[in-house]
$ cat structure35.csv   # CSV, C-alpha atoms and all ligand atoms
chain,number,residue,atom,x,y,z
A,766,MET,CA,22.8,263.9,208.6
A,767,LYS,CA,23.5,262.2,211.9
A,768,CYS,CA,21.4,259.1,212.4
A,769,ASP,CA,19.7,258.8,215.8
A,770,GLU,CA,17.5,255.9,214.6
A,771,LYS,CA,14.4,257.9,215.5
A,772,SER,CA,14.4,260.8,213.0
A,773,CYS,CA,16.5,259.1,210.4
A,774,ALA,CA,14.6,258.6,207.2
A,775,SER,CA,16.1,255.2,206.5
A,776,CYS,CA,15.3,254.0,210.0
A,777,VAL,CA,11.7,255.2,210.2
A,778,GLY,CA,9.5,252.2,209.6
A,779,ALA,CA,12.0,249.7,210.9
A,780,GLY,CA,11.8,246.4,209.1
A,781,LYS,CA,11.3,248.1,205.8
A,782,LYS,CA,14.9,249.0,205.2
A,783,SER,CA,17.4,246.7,203.5
A,784,LYS,CA,20.3,245.2,205.4
A,785,GLU,CA,22.6,247.6,203.7
A,786,GLU,CA,20.5,250.6,204.7
A,787,ALA,CA,20.4,249.4,208.3
A,788,ILE,CA,24.1,249.0,208.3
A,789,ARG,CA,24.6,252.5,206.9
A,790,CYS,CA,22.4,253.9,209.7
A,791,LYS,CA,24.5,252.2,212.3
A,792,LEU,CA,27.7,253.3,210.7
A,793,MET,CA,26.6,256.9,210.6
A,794,ARG,CA,26.9,257.0,214.3
A,795,ILE,CA,30.6,255.8,214.2
A,796,ARG,CA,33.1,258.5,213.3
A,797,HIS,CA,36.2,256.4,212.4
A,798,LYS,CA,36.3,252.8,211.3
A,799,LEU,CA,39.7,251.2,211.4
A,800,LEU,CA,40.5,247.7,210.0
A,801,VAL,CA,43.6,246.1,211.5
A,802,MET,CA,45.1,243.6,209.1
A,803,SER,CA,48.2,241.8,208.2
A,804,GLY,CA,49.5,239.6,205.5
A,805,LYS,CA,50.9,237.0,207.9
A,806,GLY,CA,49.6,235.2,210.9
A,807,GLY,CA,51.1,235.6,214.4
A,808,VAL,CA,52.5,239.1,213.9
A,809,GLY,CA,50.3,240.3,216.8
A,810,LYS,CA,47.4,241.8,214.9
A,811,SER,CA,44.8,241.0,217.5
A,812,SER,CA,47.1,242.3,220.2
A,813,VAL,CA,47.7,245.5,218.2
A,814,ALA,CA,43.9,245.9,217.6
A,815,THR,CA,43.2,245.3,221.3
A,816,TYR,CA,45.9,247.7,222.6
A,817,LEU,CA,44.9,250.4,220.1
A,818,ALA,CA,41.3,250.2,221.3
A,819,LEU,CA,42.5,250.3,224.9
A,820,GLY,CA,44.9,253.2,224.2
A,821,LEU,CA,42.1,255.2,222.5
A,822,ALA,CA,39.7,254.4,225.3
A,823,ARG,CA,42.2,255.5,227.9
A,824,LYS,CA,42.4,258.8,226.1
A,825,GLY,CA,38.7,259.2,226.7
A,826,PHE,CA,37.3,258.3,223.2
A,827,ARG,CA,34.3,256.1,222.8
A,828,VAL,CA,35.6,252.9,221.2
A,829,GLY,CA,34.1,249.7,219.8
A,830,LEU,CA,36.3,246.6,219.2
A,831,MET,CA,35.0,244.1,216.8
A,832,ASP,CA,36.7,240.7,216.3
A,833,ILE,CA,36.0,239.3,212.9
A,834,ASP,CA,38.8,236.8,213.0
A,835,LEU,CA,36.0,234.2,212.7
A,836,HIS,CA,38.2,231.1,212.6
A,837,GLY,CA,40.5,232.1,215.4
A,838,PRO,CA,38.9,234.8,217.6
A,839,SER,CA,41.2,235.7,220.5
A,840,ILE,CA,40.1,239.1,221.8
A,841,PRO,CA,37.7,237.9,224.6
A,842,ARG,CA,40.5,235.7,226.0
A,843,MET,CA,43.0,238.6,225.8
A,844,LEU,CA,40.6,240.9,227.7
A,845,GLY,CA,39.4,238.2,230.1
A,846,LEU,CA,35.8,238.5,228.9
A,847,GLN,CA,33.6,235.7,229.9
A,848,GLY,CA,30.0,234.7,229.1
A,849,LEU,CA,27.9,234.9,226.1
A,850,LEU,CA,26.6,238.2,224.7
A,851,ASN,CA,23.0,239.1,225.5
A,852,ILE,CA,20.5,239.6,222.8
A,853,THR,CA,17.5,241.9,223.3
A,854,SER,CA,13.9,241.1,222.4
A,855,GLU,CA,14.5,243.4,219.3
A,856,GLN,CA,17.3,241.1,218.3
A,857,GLU,CA,20.0,243.6,219.2
A,858,ILE,CA,23.3,242.2,220.3
A,859,LEU,CA,24.6,243.8,223.4
A,860,PRO,CA,28.4,244.0,223.3
A,861,HIS,CA,30.6,243.3,226.3
A,862,GLN,CA,31.2,246.6,228.2
A,863,TYR,CA,34.9,246.2,229.0
A,864,MET,CA,35.2,249.8,230.1
A,865,PRO,CA,32.5,252.5,230.3
A,866,ASN,CA,33.8,253.7,226.9
A,867,LEU,CA,34.9,250.4,225.4
A,868,LYS,CA,32.5,247.9,223.9
A,869,VAL,CA,33.7,244.5,222.6
A,870,VAL,CA,32.1,242.0,220.2
A,871,SER,CA,33.5,238.7,219.1
A,872,ILE,CA,32.1,235.5,217.6
A,873,GLU,CA,33.7,233.7,220.5
A,874,SER,CA,31.2,235.4,222.8
A,875,MET,CA,28.3,234.1,220.7
A,876,ILE,CA,28.9,230.4,220.6
A,877,GLU,CA,28.6,227.9,223.5
A,878,ASP,CA,31.6,225.7,222.5
A,879,THR,CA,34.6,227.9,222.2
A,880,ASP,CA,36.7,225.0,221.0
A,881,ALA,CA,34.5,224.3,218.1
A,882,ALA,CA,36.1,224.7,214.7
A,883,MET,CA,34.3,227.2,212.5
A,884,ILE,CA,33.9,225.6,209.0
A,885,TRP,CA,32.4,228.5,207.1
A,886,ARG,CA,32.6,229.5,203.5
A,887,GLY,CA,32.7,233.1,202.2
A,888,PRO,CA,29.0,233.9,202.0
A,889,LEU,CA,28.4,232.7,205.6
A,890,LYS,CA,31.3,234.8,206.9
A,891,HIS,CA,29.9,237.8,205.0
A,892,ASN,CA,26.5,237.3,206.7
A,893,VAL,CA,28.1,237.1,210.2
A,894,ILE,CA,30.0,240.3,209.6
A,895,GLN,CA,26.9,242.0,208.2
A,896,GLN,CA,25.0,240.9,211.3
A,897,PHE,CA,27.7,242.3,213.7
A,898,LEU,CA,27.5,245.7,211.9
A,899,ARG,CA,23.7,245.8,211.7
A,900,ASP,CA,22.6,244.2,215.0
A,901,CYS,CA,25.2,245.2,217.5
A,902,LYS,CA,24.2,248.0,219.8
A,903,TRP,CA,27.3,250.2,219.2
A,904,ASP,CA,25.5,253.6,219.7
A,905,ASP,CA,27.7,256.6,219.1
A,906,LEU,CA,31.4,255.8,218.8
A,907,ASP,CA,34.5,257.8,218.0
A,908,PHE,CA,36.3,254.7,216.8
A,909,LEU,CA,35.4,251.2,215.7
A,910,VAL,CA,38.5,249.0,215.7
A,911,ILE,CA,38.1,245.9,213.6
A,912,ASP,CA,40.4,242.9,214.0
A,913,SER,CA,40.5,240.7,210.9
A,914,PRO,CA,42.2,237.3,210.3
A,915,PRO,CA,45.6,237.2,208.6
A,916,GLY,CA,45.7,237.4,204.9
A,917,THR,CA,43.5,239.0,202.3
A,918,GLY,CA,40.5,236.7,202.3
A,919,ASP,CA,36.7,237.1,202.7
A,920,GLU,CA,36.7,239.1,205.9
A,921,PRO,CA,38.7,242.2,204.9
A,922,LEU,CA,37.0,242.0,201.5
A,923,THR,CA,33.6,242.1,203.2
A,924,ILE,CA,34.7,245.1,205.3
A,925,SER,CA,35.9,247.0,202.2
A,926,ARG,CA,32.5,246.4,200.6
A,927,LEU,CA,30.3,247.2,203.7
A,928,ILE,CA,32.4,250.0,205.0
A,929,PRO,CA,34.1,251.7,202.0
A,930,GLU,CA,35.2,254.6,204.2
A,931,ALA,CA,37.1,252.2,206.6
A,932,LYS,CA,40.9,252.8,206.9
A,933,ALA,CA,43.3,249.9,207.1
A,934,ILE,CA,46.1,249.7,209.6
A,935,ILE,CA,48.7,247.1,208.5
A,936,VAL,CA,50.6,245.2,211.1
A,937,THR,CA,54.0,243.7,210.5
A,938,THR,CA,57.1,242.5,212.3
A,939,PRO,CA,60.6,243.5,211.3
A,940,GLN,CA,61.7,240.2,209.5
A,941,GLU,CA,61.8,240.1,205.7
A,942,VAL,CA,59.4,237.1,205.6
A,943,ALA,CA,56.7,239.2,207.3
A,944,LEU,CA,57.5,242.3,205.2
A,945,SER,CA,56.9,240.5,201.9
A,946,ASP,CA,53.4,239.5,203.1
A,947,VAL,CA,52.8,243.0,204.1
A,948,ARG,CA,53.4,244.2,200.6
A,949,LYS,CA,50.6,241.8,199.5
A,950,SER,CA,48.2,243.4,202.1
A,951,ILE,CA,49.1,246.9,200.8
A,952,ASN,CA,48.5,245.8,197.2
A,953,PHE,CA,45.2,244.2,198.3
A,954,CYS,CA,44.1,247.6,199.8
A,955,ARG,CA,45.0,249.4,196.7
A,956,LYS,CA,43.1,246.9,194.5
A,957,VAL,CA,39.9,247.1,196.6
A,958,ASN,CA,40.2,250.9,197.1
A,959,LEU,CA,40.6,250.6,200.9
A,960,ASP,CA,42.4,253.7,202.2
A,961,MET,CA,45.4,252.9,204.3
A,962,LEU,CA,46.0,254.8,207.5
A,963,GLY,CA,49.5,253.4,207.8
A,964,LEU,CA,51.8,250.6,208.9
A,965,VAL,CA,52.7,249.7,212.4
A,966,GLU,CA,55.7,247.4,213.4
A,967,ASN,CA,55.1,245.1,216.3
A,968,MET,CA,57.7,243.1,218.2
A,969,SER,CA,60.2,245.6,217.1
A,970,GLY,CA,62.8,244.6,219.6
A,971,LEU,CA,63.1,244.0,223.3
A,972,PHE,CA,64.1,246.3,226.2
A,973,CYS,CA,66.1,244.2,228.6
A,974,PRO,CA,64.1,244.1,231.9
A,975,HIS,CA,67.3,244.3,233.9
A,976,CYS,CA,69.5,247.0,232.2
A,977,ASN,CA,66.9,248.5,229.8
A,978,GLU,CA,69.3,248.0,226.9
A,979,PHE,CA,67.5,247.7,223.5
A,980,ILE,CA,67.9,244.3,221.8
A,981,PRO,CA,66.8,244.2,218.2
A,982,ILE,CA,65.7,240.5,218.2
A,983,PHE,CA,64.2,240.5,214.7
A,984,ARG,CA,66.4,243.3,213.4
A,985,THR,CA,64.9,246.8,213.2
A,986,GLY,CA,63.7,249.4,210.8
A,987,GLY,CA,62.0,247.0,208.3
A,988,GLY,CA,58.6,248.4,208.9
A,989,LYS,CA,59.8,252.0,208.4
A,990,ARG,CA,61.7,251.0,205.3
A,991,THR,CA,58.7,249.2,203.8
A,992,SER,CA,56.3,252.1,204.5
A,993,LYS,CA,58.7,254.4,202.7
A,994,LEU,CA,59.1,252.0,199.8
A,995,MET,CA,55.4,251.4,199.5
A,996,ASN,CA,54.5,255.0,200.1
A,997,ILE,CA,52.2,254.6,203.1
A,998,PRO,CA,52.5,256.4,206.5
A,999,PHE,CA,54.4,254.8,209.3
A,1000,LEU,CA,52.5,254.8,212.6
A,1001,GLY,CA,55.1,253.5,215.0
A,1002,GLU,CA,56.9,250.6,216.6
A,1003,LEU,CA,55.7,248.4,219.5
A,1004,PRO,CA,58.5,246.6,221.3
A,1005,PHE,CA,58.4,242.9,222.3
A,1006,ASP,CA,57.4,242.7,225.9
A,1007,PRO,CA,57.0,239.3,227.5
A,1008,ARG,CA,54.3,240.7,229.8
A,1009,VAL,CA,52.1,241.1,226.7
A,1010,VAL,CA,52.1,237.3,226.3
A,1011,GLU,CA,51.4,236.7,229.9
A,1012,GLY,CA,48.7,239.4,230.0
A,1013,GLY,CA,47.1,238.0,226.9
A,1014,ASP,CA,47.0,234.5,228.4
A,1015,LYS,CA,45.7,235.7,231.8
A,1016,GLY,CA,43.1,238.1,230.2
A,1017,ARG,CA,44.8,241.1,231.8
A,1018,PRO,CA,46.3,243.6,229.3
A,1019,VAL,CA,49.5,245.2,230.4
A,1020,LEU,CA,48.1,248.7,229.9
A,1021,GLU,CA,46.2,248.3,233.1
A,1022,GLU,CA,49.3,247.7,235.2
A,1023,ASP,CA,50.8,250.5,237.2
A,1024,GLY,CA,53.9,252.3,236.1
A,1025,ASP,CA,55.4,253.0,232.7
A,1026,SER,CA,57.0,250.6,230.4
A,1027,PRO,CA,58.4,251.1,226.9
A,1028,PHE,CA,55.5,249.0,225.5
A,1029,LYS,CA,52.9,251.1,227.3
A,1030,LYS,CA,54.5,254.3,226.1
A,1031,ALA,CA,54.7,252.9,222.6
A,1032,VAL,CA,50.9,252.0,222.6
A,1033,LEU,CA,49.9,255.5,223.7
A,1034,ALA,CA,52.2,257.0,221.1
A,1035,PHE,CA,50.7,254.7,218.4
A,1036,ALA,CA,47.1,255.8,219.5
A,1037,ASP,CA,48.3,259.4,219.2
A,1038,ALA,CA,49.7,258.7,215.7
A,1039,VAL,CA,46.4,257.3,214.7
A,1040,THR,CA,44.4,260.3,215.9
A,1041,ALA,CA,46.9,262.7,214.3
A,1042,ARG,CA,46.7,260.9,210.9
A,1043,LEU,CA,42.9,261.1,211.2
A,1044,ASN,CA,43.1,264.8,212.1
A,1045,VAL,CA,41.1,264.2,215.2
A,1046,LYS,CA,41.5,267.6,216.8
A,1047,ASP,CA,38.5,267.8,219.1
A,1048,GLU,CA,38.7,266.7,222.7
A,1049,PRO,CA,37.3,263.2,223.2
A,1050,THR,CA,33.9,262.9,224.9
A,1051,ARG,CA,34.7,262.6,228.6
A,1052,VAL,CA,33.4,259.3,229.8
A,1053,GLU,CA,33.7,258.5,233.4
A,1054,SER,CA,37.1,256.9,233.6
A,1055,VAL,CA,38.4,253.6,233.4
A,1056,HIS,CA,39.9,251.2,235.7
B,1101,LIG,N1,54.5,243.3,221.3
B,1101,LIG,C1,54.4,242.1,221.8
B,1101,LIG,N2,55.3,241.6,222.7
B,1101,LIG,C2,55.2,240.3,223.2
B,1101,LIG,N3,54.3,239.4,222.7
B,1101,LIG,C3,53.4,239.8,221.8
B,1101,LIG,C4,53.4,241.2,221.3
B,1101,LIG,N4,52.4,241.2,220.4
B,1101,LIG,C5,51.8,240.0,220.3
B,1101,LIG,N5,52.4,239.2,221.2
B,1101,LIG,C6,52.1,237.8,221.4
B,1101,LIG,O1,52.2,237.1,220.2
B,1101,LIG,C7,51.2,236.0,220.1
B,1101,LIG,C8,50.4,236.2,218.9
B,1101,LIG,O2,49.7,237.5,219.0
B,1101,LIG,P1,48.3,237.7,218.3
B,1101,LIG,O3,47.3,236.7,218.7
B,1101,LIG,O4,47.9,239.1,218.6
B,1101,LIG,O5,48.7,237.6,216.8
B,1101,LIG,P2,47.8,237.6,215.5
B,1101,LIG,O6,48.6,238.2,214.4
B,1101,LIG,O7,46.5,238.2,215.7
B,1101,LIG,O8,47.6,236.1,215.3
B,1101,LIG,P3,46.6,235.3,214.3
B,1101,LIG,O9,47.5,234.9,213.1
B,1101,LIG,O10,46.2,234.1,215.1
B,1101,LIG,O11,45.5,236.2,213.9
B,1101,LIG,C9,50.4,236.2,221.4
B,1101,LIG,O12,50.8,235.3,222.3
B,1101,LIG,C10,50.6,237.6,221.9
B,1101,LIG,O13,50.5,237.7,223.3
$ encode --input "structure35.csv" --output "structure tokens"
Amino acid sequence: MKCDEKSCASCVGAGKKSKEEAIRCKLMRIRHKLLVMSGKGGVGKSSVATYLALGLARKGFRVGLMDIDLHGPSIPRMLGLQGLLNITSEQEILPHQYMPNLKVVSIESMIEDTDAAMIWRGPLKHNVIQQFLRDCKWDDLDFLVIDSPPGTGDEPLTISRLIPEAKAIIVTTPQEVALSDVRKSINFCRKVNLDMLGLVENMSGLFCPHCNEFIPIFRTGGGKRTSKLMNIPFLGELPFDPRVVEGGDKGRPVLEEDGDSPFKKAVLAFADAVTARLNVKDEPTRVESVH
């Protein structure tokens, strides 16, 4: 049954339902939940999550982007989102509306001092994630893309418990040192029974901005080889593009720039690979378009 929060049996008599029931109701309105994770820091996980959300939104899907990298949230900065999130009198958190069909929530948009260090233990982190899922006004979404911190700690574990139907997208870079951490992430998913949608390789190489020649800065093919070896689908390669760094620092993602670039094409192909793996056949809900 689809939950519209009015006729849903669990929602009737608000206040009587448990936190878990309230979360289940919210999640019923979200078709696909994707957890972007990596074994290693700095491989571009937040960038991949952000560009995947943007790519899906550009295709017309209704998308939510939830930043649960509680110790190092970076998504508001990458998207140039400013200001704190509003909270309604019913205690609902209103996400940033980055595009008509893209909502964004991050812990960074809920604290006054964005330079403050978050010193939180597991149970507190669990509560914050629970609150994001229960209290955010996501409404109906085709995709919820969740950006987690590096490693296999409390945050991905909490998601695997609260959203057992979530599917993991594992991000790597081509070097062996990143790939060995990726194998840990894959084994983590297997251990906690989290389905894996696949592996994506970021910073796969650089297209020379002058002659367009491909330069494999960190070698190539490691992600594809690992996905074969570990028997998980390969979702594509995103090249290194210096404009991604600049766009991230300025809060202006490169997908918004005019013209085509290998990075832009790769992001849209990655979003296609994700929808294909999920067997999303129907047309996205047309939402008045975007930028
Ligand atoms: N394909 C890319 N091309 C160029 N730069 C990139 C690319 N992907 C990510 N970056 C840059 O790499 C840096 C790290 O990226 P990001 O913050 O997304 O990594 P992360 O894995 O989420 O990091 P953390 O370990 O802090 O969670 C950022 O400056 C970002 O702009």
$ closest_residue --input "structure35.csv" --among "A:Asp1006, A:Asp1025, A:Glu941, A:Asp919" --to "ligand LIG 1101 (chain B)" --atoms "all atoms listed in the file"
A:Asp1006
$ closest_atom_pairs --input "structure35.csv" --of "chain A" --to "ligand LIG 1101 (chain B)" --cutoff "7 Å" --atoms "all atoms listed in the file" --output "JSON lines"
{"residue": "A:Lys805", "atom": "CA", "partner": "B:LIG1101", "partner_atom": "O9", "distance": 6.6}
{"residue": "A:Gly806", "atom": "CA", "partner": "B:LIG1101", "partner_atom": "O9", "distance": 3.1}
{"residue": "A:Gly807", "atom": "CA", "partner": "B:LIG1101", "partner_atom": "O6", "distance": 3.6}
{"residue": "A:Val808", "atom": "CA", "partner": "B:LIG1101", "partner_atom": "O6", "distance": 4.0}
{"residue": "A:Gly809", "atom": "CA", "partner": "B:LIG1101", "partner_atom": "O5", "distance": 3.1}
{"residue": "A:Lys810", "atom": "CA", "partner": "B:LIG1101", "partner_atom": "O7", "distance": 3.8}
{"residue": "A:Ser811", "atom": "CA", "partner": "B:LIG1101", "partner_atom": "O7", "distance": 3.7}
{"residue": "A:Ser812", "atom": "CA", "partner": "B:LIG1101", "partner_atom": "O4", "distance": 3.7}
{"residue": "A:Val813", "atom": "CA", "partner": "B:LIG1101", "partner_atom": "O4", "distance": 6.4}
{"residue": "A:Asp834", "atom": "CA", "partner": "B:LIG1101", "partner_atom": "O11", "distance": 6.8}
{"residue": "A:Gly837", "atom": "CA", "partner": "B:LIG1101", "partner_atom": "O10", "distance": 6.0}
{"residue": "A:Ser839", "atom": "CA", "partner": "B:LIG1101", "partner_atom": "O3", "distance": 6.4}
{"residue": "A:Pro914", "atom": "CA", "partner": "B:LIG1101", "partner_atom": "O11", "distance": 5.0}
{"residue": "A:Pro915", "atom": "CA", "partner": "B:LIG1101", "partner_atom": "O11", "distance": 5.4}
{"residue": "A:Asn967", "atom": "CA", "partner": "B:LIG1101", "partner_atom": "N1", "distance": 5.3}
{"residue": "A:Met968", "atom": "CA", "partner": "B:LIG1101", "partner_atom": "N1", "distance": 4.5}
{"residue": "A:Leu1003", "atom": "CA", "partner": "B:LIG1101", "partner_atom": "N1", "distance": 5.5}
{"residue": "A:Pro1004", "atom": "CA", "partner": "B:LIG1101", "partner_atom": "N1", "distance": 5.2}
{"residue": "A:Phe1005", "atom": "CA", "partner": "B:LIG1101", "partner_atom": "N2", "distance": 3.4}
{"residue": "A:Asp1006", "atom": "CA", "partner": "B:LIG1101", "partner_atom": "N2", "distance": 4.0}
{"residue": "A:Pro1007", "atom": "CA", "partner": "B:LIG1101", "partner_atom": "C2", "distance": 4.8}
{"residue": "A:Arg1008", "atom": "CA", "partner": "B:LIG1101", "partner_atom": "C2", "distance": 6.7}
{"residue": "A:Val1009", "atom": "CA", "partner": "B:LIG1101", "partner_atom": "C2", "distance": 4.7}
{"residue": "A:Val1010", "atom": "CA", "partner": "B:LIG1101", "partner_atom": "O13", "distance": 3.4}
{"residue": "A:Glu1011", "atom": "CA", "partner": "B:LIG1101", "partner_atom": "O13", "distance": 6.7}
{"residue": "A:Gly1013", "atom": "CA", "partner": "B:LIG1101", "partner_atom": "O13", "distance": 5.0}
{"residue": "A:Asp1014", "atom": "CA", "partner": "B:LIG1101", "partner_atom": "O13", "distance": 7.0}
$ write_last_selection --input "structure35.csv" --atoms "C-alpha atoms" --output "tab-separated table (two decimals), in the frame of the given file"
chain	number	residue	atom	x	y	z
A	805	LYS	CA	50.90	237.00	207.90
A	806	GLY	CA	49.60	235.20	210.90
A	807	GLY	CA	51.10	235.60	214.40
A	808	VAL	CA	52.50	239.10	213.90
A	809	GLY	CA	50.30	240.30	216.80
A	810	LYS	CA	47.40	241.80	214.90
A	811	SER	CA	44.80	241.00	217.50
A	812	SER	CA	47.10	242.30	220.20
A	813	VAL	CA	47.70	245.50	218.20
A	834	ASP	CA	38.80	236.80	213.00
A	837	GLY	CA	40.50	232.10	215.40
A	839	SER	CA	41.20	235.70	220.50
A	914	PRO	CA	42.20	237.30	210.30
A	915	PRO	CA	45.60	237.20	208.60
A	967	ASN	CA	55.10	245.10	216.30
A	968	MET	CA	57.70	243.10	218.20
A	1003	LEU	CA	55.70	248.40	219.50
A	1004	PRO	CA	58.50	246.60	221.30
A	1005	PHE	CA	58.40	242.90	222.30
A	1006	ASP	CA	57.40	242.70	225.90
A	1007	PRO	CA	57.00	239.30	227.50
A	1008	ARG	CA	54.30	240.70	229.80
A	1009	VAL	CA	52.10	241.10	226.70
A	1010	VAL	CA	52.10	237.30	226.30
A	1011	GLU	CA	51.40	236.70	229.90
A	1013	GLY	CA	47.10	238.00	226.90
A	1014	ASP	CA	47.00	234.50	228.40
$ closest_atom_pairs --input "structure35.csv" --of "segment 776-878 of chain A" --to "segment 948-957 of chain A" --cutoff "12 Å" --atoms "all atoms listed in the file" --output "tab-separated table"
residue	atom	partner	partner_atom	distance
A:Leu800	CA	A:Cys954	CA	10.8
A:Val801	CA	A:Ser950	CA	10.8
A:Met802	CA	A:Ser950	CA	7.7
A:Ser803	CA	A:Ser950	CA	6.3
A:Gly804	CA	A:Ser950	CA	5.3
A:Lys805	CA	A:Ser950	CA	9.0
$ atom_distance --input "structure35.csv" --atom1 "atom CA of Asn996 of chain A" --atom2 "atom CA of Val936 of chain A"
15.2 Å
$ atom_distance --input "structure35.csv" --atom1 "atom CA of Gly918 of chain A" --atom2 "atom CA of Gly1012 of chain A"
29.0 Å
$ residues_around --input "structure35.csv" --residues "Gly963 of chain A" --least-positions-apart "6" --cutoff "10 Å" --atoms "all atoms listed in the file" --output "PyMOL selection string"
chain A and resi 932-936+951+992+996-1001+1038-1039+1042
$ closest_residue --input "structure35.csv" --among "A:Leu909, A:Met864, A:Met793, A:Met875" --to "Glu1021 of chain A" --atoms "all atoms listed in the file"
A:Met864
$ closest_residue --input "structure35.csv" --among "A:Asp832, A:Asp946, A:Glu978, A:Glu855" --to "Glu920 of chain A" --atoms "all atoms listed in the file"
A:Asp832
$ atom_distance --input "structure35.csv" --atom1 "atom CA of Asp905 of chain A" --atom2 "atom CA of Lys1029 of chain A"
27.1 Å
$ residues_near_point --input "structure35.csv" --point "(43.8, 239.0, 226.6)" --cutoff "7 Å" --atoms "only C-alpha atoms" --output "list in words"
Ile840, Pro841, Arg842, Met843, Leu844, Gly845, Gly1012, Gly1013, Asp1014, Lys1015, Gly1016, Arg1017 and Pro1018 of chain A
$ closest_residue --input "structure35.csv" --among "A:Gln895, A:Gln862, A:Ser874, A:Gln847" --to "Ile788 of chain A" --atoms "only C-alpha atoms"
A:Gln895
$ closest_residue --input "structure35.csv" --among "A:Arg794, A:Arg789, A:Lys784, A:Lys824" --to "Ala1034 of chain A" --atoms "only C-alpha atoms"
A:Lys824
$ residues_around --input "structure35.csv" --residues "Cys901 of chain A" --least-positions-apart "4" --cutoff "9 Å" --atoms "all atoms listed in the file" --output "ChimeraX atom specification"
/A:791,856-860,870,896-897
$ write_last_selection --input "structure35.csv" --atoms "C-alpha atoms" --output "compact mmCIF listing (two decimals), keeping the file's coordinate frame"
# COMPACT_ATOMS: atom_id res chain seq x y z
CA LYS A 791 24.50 252.20 212.30
CA GLN A 856 17.30 241.10 218.30
CA GLU A 857 20.00 243.60 219.20
CA ILE A 858 23.30 242.20 220.30
CA LEU A 859 24.60 243.80 223.40
CA PRO A 860 28.40 244.00 223.30
CA VAL A 870 32.10 242.00 220.20
CA GLN A 896 25.00 240.90 211.30
CA PHE A 897 27.70 242.30 213.70
$ axis_aligned_box --input "structure35.csv" --around "segment 952-962 of chain A" --padding-each-side "6 Å" --output "AutoDock Vina command-line options"
--center_x 44.2 --center_y 249.5 --center_z 201.0 --size_x 20.6 --size_y 22.6 --size_z 25.0
$ closest_residue --input "structure35.csv" --among "A:Ile852, A:Leu1033, A:Ile911, A:Ile894" --to "Arg926 of chain A" --atoms "all atoms listed in the file"
A:Ile894
